[in-house]
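To be precise, the following lines are upload.csv, and they hold CSV, C-alpha atoms and all ligand atoms.
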```csv
chain,number,residue,atom,x,y,z
O,1,MET,CA,4.5,15.5,7.4
O,2,CYS,CA,0.9,16.6,7.4
O,3,ALA,CA,0.5,20.4,7.4
O,4,ALA,CA,-2.8,20.4,9.3
O,5,ASN,CA,-2.9,23.1,12.0
O,6,SER,CA,-3.6,22.3,15.6
O,7,GLU,CA,-7.2,23.6,15.4
O,8,GLU,CA,-7.9,21.3,12.5
O,9,LEU,CA,-6.2,18.3,14.3
O,10,LEU,CA,-8.3,19.1,17.5
O,11,LYS,CA,-11.5,19.1,15.4
O,12,ARG,CA,-10.6,15.6,14.1
O,13,GLU,CA,-9.9,14.3,17.6
O,14,GLU,CA,-13.5,15.3,18.5
O,15,ILE,CA,-15.0,12.9,15.9
O,16,THR,CA,-17.5,10.8,17.7
O,17,LEU,CA,-19.3,7.6,16.7
O,18,GLU,CA,-22.4,9.6,16.1
O,19,ASN,CA,-20.4,11.8,13.7
O,20,LEU,CA,-19.4,8.7,11.8
O,21,LEU,CA,-22.9,7.3,11.6
O,22,GLN,CA,-24.3,10.7,10.5
O,23,GLY,CA,-21.5,10.8,7.9
O,24,ASN,CA,-22.6,7.5,6.6
O,25,ARG,CA,-26.2,8.6,6.3
O,26,ASP,CA,-25.1,11.8,4.5
O,27,PHE,CA,-23.0,9.6,2.2
O,28,VAL,CA,-26.0,7.4,1.3
O,29,THR,CA,-28.2,10.5,0.7
O,30,LYS,CA,-25.7,12.2,-1.5
O,31,THR,CA,-24.8,9.0,-3.4
O,32,LEU,CA,-28.5,8.1,-4.1
O,33,GLU,CA,-29.1,11.7,-5.3
O,34,GLU,CA,-26.4,11.2,-7.9
O,35,ASP,CA,-27.3,7.6,-8.8
O,36,PRO,CA,-30.5,6.0,-7.4
O,37,ASP,CA,-29.2,2.5,-8.4
O,38,TYR,CA,-25.7,2.9,-7.0
O,39,PHE,CA,-25.9,0.4,-4.2
O,40,GLN,CA,-28.0,-2.1,-6.1
O,41,LYS,CA,-25.3,-2.1,-8.8
O,42,LEU,CA,-22.4,-2.3,-6.4
O,43,SER,CA,-23.9,-5.1,-4.4
O,44,ALA,CA,-24.1,-7.3,-7.5
O,45,GLY,CA,-20.3,-8.1,-7.1
O,46,GLN,CA,-16.8,-6.8,-7.5
O,47,LYS,CA,-14.3,-7.0,-10.4
O,48,PRO,CA,-11.5,-4.6,-9.3
O,49,PRO,CA,-8.5,-4.5,-11.7
O,50,VAL,CA,-6.1,-3.4,-9.0
O,51,LEU,CA,-4.7,-4.8,-5.7
O,52,TRP,CA,-3.4,-2.0,-3.5
O,53,ILE,CA,-0.9,-2.8,-0.7
O,54,GLY,CA,-0.5,0.4,1.3
O,55,CYS,CA,0.3,1.8,4.8
O,56,SER,CA,-2.4,1.9,7.5
O,57,ASP,CA,-1.7,5.6,7.9
O,58,SER,CA,-5.0,7.5,8.1
O,59,ARG,CA,-3.8,10.0,5.6
O,60,VAL,CA,-3.3,7.6,2.7
O,61,PRO,CA,-6.6,6.2,1.7
O,62,ALA,CA,-6.2,4.3,-1.7
O,63,ASP,CA,-9.4,5.3,-3.4
O,64,LYS,CA,-9.4,8.9,-2.2
O,65,ILE,CA,-5.8,9.7,-3.5
O,66,THR,CA,-6.4,7.9,-6.8
O,67,ASN,CA,-9.8,9.5,-7.3
O,68,THR,CA,-11.4,6.1,-7.8
O,69,MET,CA,-14.7,4.6,-6.6
O,70,PRO,CA,-15.7,1.7,-4.3
O,71,GLY,CA,-15.4,-1.4,-6.4
O,72,ASP,CA,-12.2,-0.2,-8.3
O,73,ILE,CA,-9.4,-1.3,-5.9
O,74,PHE,CA,-9.0,-4.3,-3.7
O,75,VAL,CA,-7.0,-3.1,-0.6
O,76,THR,CA,-4.8,-4.4,2.1
O,77,ARG,CA,-3.0,-2.1,4.4
O,78,ASN,CA,-0.6,-2.6,7.3
O,79,ILE,CA,1.9,-0.4,9.1
O,80,ALA,CA,4.6,0.7,6.6
O,81,ASN,CA,3.2,-1.5,3.8
O,82,VAL,CA,5.4,-4.5,4.7
O,83,VAL,CA,5.1,-7.7,2.6
O,84,THR,CA,6.4,-10.8,4.3
O,85,HIS,CA,6.0,-14.4,3.3
O,86,SER,CA,4.7,-15.5,6.7
O,87,ASP,CA,1.8,-13.0,6.8
O,88,MET,CA,-1.2,-15.2,6.3
O,89,SER,CA,-3.5,-12.2,5.9
O,90,MET,CA,-1.3,-10.7,3.1
O,91,LEU,CA,-1.0,-14.1,1.4
O,92,SER,CA,-4.7,-14.7,1.5
O,93,VAL,CA,-5.4,-11.2,0.0
O,94,LEU,CA,-2.8,-11.9,-2.7
O,95,ASP,CA,-4.2,-15.3,-3.5
O,96,TYR,CA,-7.8,-14.2,-3.6
O,97,SER,CA,-7.1,-11.2,-5.7
O,98,VAL,CA,-4.8,-12.9,-8.2
O,99,ASN,CA,-6.6,-16.3,-8.5
O,100,ILE,CA,-10.2,-15.4,-8.0
O,101,LEU,CA,-10.6,-11.7,-8.8
O,102,LYS,CA,-8.0,-11.9,-11.6
O,103,ILE,CA,-6.7,-8.5,-10.8
O,104,LYS,CA,-4.2,-7.1,-13.4
O,105,HIS,CA,-2.0,-4.8,-11.3
O,106,ILE,CA,-0.5,-5.1,-7.8
O,107,ILE,CA,0.6,-1.7,-6.5
O,108,VAL,CA,2.7,-1.4,-3.4
O,109,CYS,CA,2.4,2.2,-2.3
O,110,GLY,CA,4.5,3.6,0.5
O,111,HIS,CA,4.4,7.3,1.6
O,112,TYR,CA,7.0,9.9,2.5
O,113,GLY,CA,6.8,10.8,6.1
O,114,CYS,CA,6.0,7.2,7.1
O,115,GLY,CA,6.4,6.9,10.9
O,116,GLY,CA,6.9,3.2,10.6
O,117,VAL,CA,9.8,3.5,8.3
O,118,ALA,CA,11.3,6.4,10.3
O,119,ALA,CA,11.1,4.2,13.5
O,120,ALA,CA,12.8,1.4,11.6
O,121,HIS,CA,15.6,3.7,10.6
O,122,GLY,CA,16.2,4.7,14.2
O,123,ASN,CA,16.9,2.7,17.3
O,124,GLN,CA,14.2,3.9,19.7
O,125,GLN,CA,12.0,1.1,21.2
O,126,VAL,CA,8.4,1.7,20.4
O,127,GLY,CA,6.7,-1.5,21.6
O,128,LEU,CA,5.5,-4.7,20.0
O,129,ILE,CA,5.5,-3.0,16.6
O,130,ASP,CA,9.4,-3.1,16.8
O,131,ASN,CA,9.1,-6.7,15.7
O,132,TRP,CA,7.1,-5.9,12.7
O,133,LEU,CA,9.3,-3.0,11.7
O,134,ARG,CA,12.3,-5.3,12.0
O,135,ASN,CA,11.5,-6.3,8.5
O,136,ILE,CA,12.4,-2.8,7.3
O,137,LYS,CA,15.7,-2.9,9.2
O,138,ASP,CA,16.6,-5.7,6.7
O,139,VAL,CA,15.9,-3.3,3.9
O,140,TYR,CA,18.1,-0.7,5.5
O,141,ARG,CA,20.9,-3.2,6.1
O,142,LEU,CA,20.8,-4.3,2.5
O,143,ASN,CA,21.0,-0.7,1.3
O,144,GLN,CA,22.9,0.9,4.2
O,145,THR,CA,25.8,2.3,2.1
O,146,GLU,CA,23.4,4.2,-0.2
O,147,VAL,CA,21.1,5.4,2.6
O,148,ASP,CA,23.9,6.5,5.0
O,149,ALA,CA,25.6,8.6,2.2
O,150,LEU,CA,22.5,10.8,1.8
O,151,PRO,CA,21.9,14.1,3.6
O,152,GLU,CA,20.1,13.6,7.0
O,153,ASN,CA,16.7,14.9,5.7
O,154,LYS,CA,16.7,12.5,2.7
O,155,LYS,CA,17.6,9.2,4.4
O,156,VAL,CA,14.1,8.2,5.6
O,157,ASP,CA,12.6,9.3,2.3
O,158,ARG,CA,14.9,7.0,0.4
O,159,LEU,CA,14.3,4.2,2.9
O,160,VAL,CA,10.5,4.6,2.2
O,161,GLU,CA,11.2,4.1,-1.5
O,162,LEU,CA,13.5,1.1,-1.0
O,163,ASN,CA,10.9,-0.4,1.4
O,164,ALA,CA,8.2,-0.1,-1.3
O,165,ILE,CA,10.5,-1.7,-3.8
O,166,HIS,CA,11.5,-4.5,-1.4
O,167,SER,CA,7.8,-5.2,-0.7
O,168,ALA,CA,7.0,-5.3,-4.4
O,169,MET,CA,9.9,-7.8,-4.8
O,170,ASN,CA,8.5,-9.9,-2.1
O,171,VAL,CA,5.2,-9.9,-3.9
O,172,MET,CA,6.9,-11.1,-7.0
O,173,SER,CA,8.8,-13.8,-5.3
O,174,THR,CA,5.6,-15.5,-4.0
O,175,SER,CA,4.5,-18.8,-5.6
O,176,ILE,CA,1.1,-17.0,-6.1
O,177,VAL,CA,2.5,-14.4,-8.5
O,178,GLN,CA,5.0,-16.7,-10.2
O,179,ASN,CA,2.4,-19.4,-10.9
O,180,ALA,CA,0.1,-16.8,-12.3
O,181,TRP,CA,2.9,-15.6,-14.6
O,182,ALA,CA,3.7,-19.2,-15.6
O,183,ASN,CA,0.1,-19.7,-16.5
O,184,GLY,CA,0.1,-16.7,-18.8
O,185,GLN,CA,-2.0,-14.5,-16.6
O,186,GLU,CA,-1.8,-10.8,-17.3
O,187,LEU,CA,-0.4,-9.4,-14.1
O,188,SER,CA,2.1,-6.7,-13.2
O,189,VAL,CA,3.7,-5.5,-10.0
O,190,HIS,CA,4.6,-1.9,-9.3
O,191,ALA,CA,6.2,0.2,-6.5
O,192,TRP,CA,4.9,3.8,-5.8
O,193,VAL,CA,5.4,6.4,-3.1
O,194,TYR,CA,2.8,9.0,-2.1
O,195,SER,CA,3.7,12.4,-0.8
O,196,LEU,CA,1.7,13.7,2.1
O,197,GLU,CA,3.0,17.2,1.4
O,198,THR,CA,2.0,17.5,-2.3
O,199,GLY,CA,-0.7,14.8,-2.6
O,200,LEU,CA,1.2,13.4,-5.6
O,201,ILE,CA,2.3,9.8,-6.2
O,202,ASN,CA,5.9,9.2,-7.3
O,203,ASP,CA,6.0,6.2,-9.7
O,204,LEU,CA,9.4,4.6,-8.8
O,205,LYS,CA,9.5,3.0,-12.2
O,206,PHE,CA,9.8,-0.4,-10.6
O,207,SER,CA,7.4,-2.5,-12.7
O,208,TYR,CA,7.5,-6.2,-13.6
O,209,SER,CA,5.0,-8.2,-15.6
O,210,LYS,CA,6.9,-11.5,-16.0
O,211,ALA,CA,9.4,-13.6,-14.0
O,212,ASP,CA,12.1,-13.5,-16.7
O,213,ASP,CA,13.6,-10.2,-15.6
O,214,MET,CA,13.6,-10.9,-11.9
O,215,ASP,CA,16.6,-11.9,-9.7
O,216,PRO,CA,17.3,-15.6,-10.5
O,217,MET,CA,17.7,-16.3,-6.9
O,218,PHE,CA,14.0,-15.8,-6.3
O,219,LYS,CA,12.7,-17.2,-9.5
O,220,MET,CA,11.0,-20.6,-9.0
O,221,ASP,CA,11.2,-23.6,-11.2
O,222,ILE,CA,7.7,-24.2,-12.4
A,1,ZN,ZN,3.2,4.9,6.9
```
Let me see the structure of the file written as structure tokens.
Amino acid sequence: MCAANSEELLKREEITLENLLQGNRDFVTKTLEEDPDYFQKLSAGQKPPVLWIGCSDSRVPADKITNTMPGDIFVTRNIANVVTHSDMSMLSVLDYSVNILKIKHIIVCGHYGCGGVAAAHGNQQVGLIDNWLRNIKDVYRLNQTEVDALPENKKVDRLVELNAIHSAMNVMSTSIVQNAWANGQELSVHAWVYSLETGLINDLKFSYSKADDMDPMFKMDI
């Protein structure tokens, strides 16, 4: 989990709206000092090569942890980076990024220490979110033998990895991705996990760029 001390956390809790607006003005000043045409260029349009599907956790901002710039990554985030086929927001982001932006990579990035995955691993009732996290219970159920055999401190970490892979598989099994592949579009799907403790991303080596290798059960006739 995050190693920030209590003094640091307290300081963050004191962030006000004025802090945020001042921060924005500072950002503009600093950015224009480095490149006077920055906003003019960025406002002309976007052509990001990557779609990032991540967790809403405030400590896992896609551009910051990949050292990229605005305009580089198209992003959608939800609690525990869940991908379901009935999430209209997710499907819309996927459709727009694949068919309009023509992104080349889709990265599902989970993170160790994910509270959503930890809650799904346990049985404590949290609230309405239990219904969302129920999707991760299915990942646990499908891999229960493997997860339960691990030492206690490794179980949630492994479930985080399996959840990222499961979400990536759900991306691949959409008609959106499979039609893109059938049309010869260059597109690959990956599963990664970020470590809050080291700041490093663990590439789970789950990577697909065509439908041929995927589970035949989910491969559509096109
Ligand atoms: Zn999380």
Excluding Ser167 of chain O and its own-chain neighbours fewer than 6 positions away, which residues fall within 9 Å of it when counting only C-alpha atoms? Please give them as a PyMOL selection string. chain O and resi 81-84+108+191
Surrounding residues as an NGL selection string, ligand ZN 1 (chain A), max 7 Å, only C-alpha atoms and all ligand atoms: :O and (55-57 or 79-80 or 110-111 or 113-117)
So which residues touch segment 44-53 of chain O within 9 Å, counting all atoms listed in the file, skipping near sequence neighbours fewer than 2 positions away, as a ChimeraX atom specification? /O:39-42,55,62,71-78,81-83,90,93-94,97-98,101-110
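Counting from atom CA of Leu133 of chain O, the distance to atom CA of Met214 of chain O is 25.3 Å.
We find atom CA of Ser175 of chain O and atom CA of Ala211 of chain O to be spaced 11.0 Å apart.
Restricting the calculation to all atoms listed in the file, the smallest distance between Met169 of chain O and any of O:Ile15, O:Leu196, O:Ala149, O:Val139 is found for O:Val139.
When atom CA of Leu204 of chain O is paired with atom CA of Trp192 of chain O, their separation reads 5.5 Å.
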Can you list, as a PyMOL selection string, every protein, DNA or RNA residue that comes within 7 Å of Ser173 of chain O when you count only C-alpha atoms, leaving out same-chain residues fewer than 5 positions away? chain O and resi 178+218-219
Given only C-alpha atoms as the counted atoms, nearest of O:Ile176, O:Leu142, O:Val60, O:Val147 to Met220 of chain O: O:Ile176
Around segment 96-107 of chain O, with edges along x, y and z and 3 Å added on all six sides, what centre and edge lengths do you get, in Å to one decimal, as AutoDock Vina command-line options?
```
--center_x -5.0 --center_y -9.0 --center_z -8.5 --size_x 17.2 --size_y 20.6 --size_z 15.8
```
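Comparing the minimum interatomic distances between His85 of chain O and each of O:Lys210, O:Ser188, O:Asn135, O:Pro216, counting only C-alpha atoms, we find that O:Asn135 sits nearest.
Nearest to Asn179 of chain O of all the residues O:Leu21, O:Ile222, O:Ile201, O:Leu32 is O:Ile222, based on all atoms listed in the file.
Among O:Leu150, O:Leu17, O:Leu128, O:Leu200, the residue with the shortest atom-to-atom distance to Asn67 of chain O, counting all atoms listed in the file, is O:Leu200.
Using all atoms listed in the file, the nearest neighbour of Ser207 of chain O within the list O:Ala164, O:Leu159, O:Ala118, O:Ala182 is O:Ala164.
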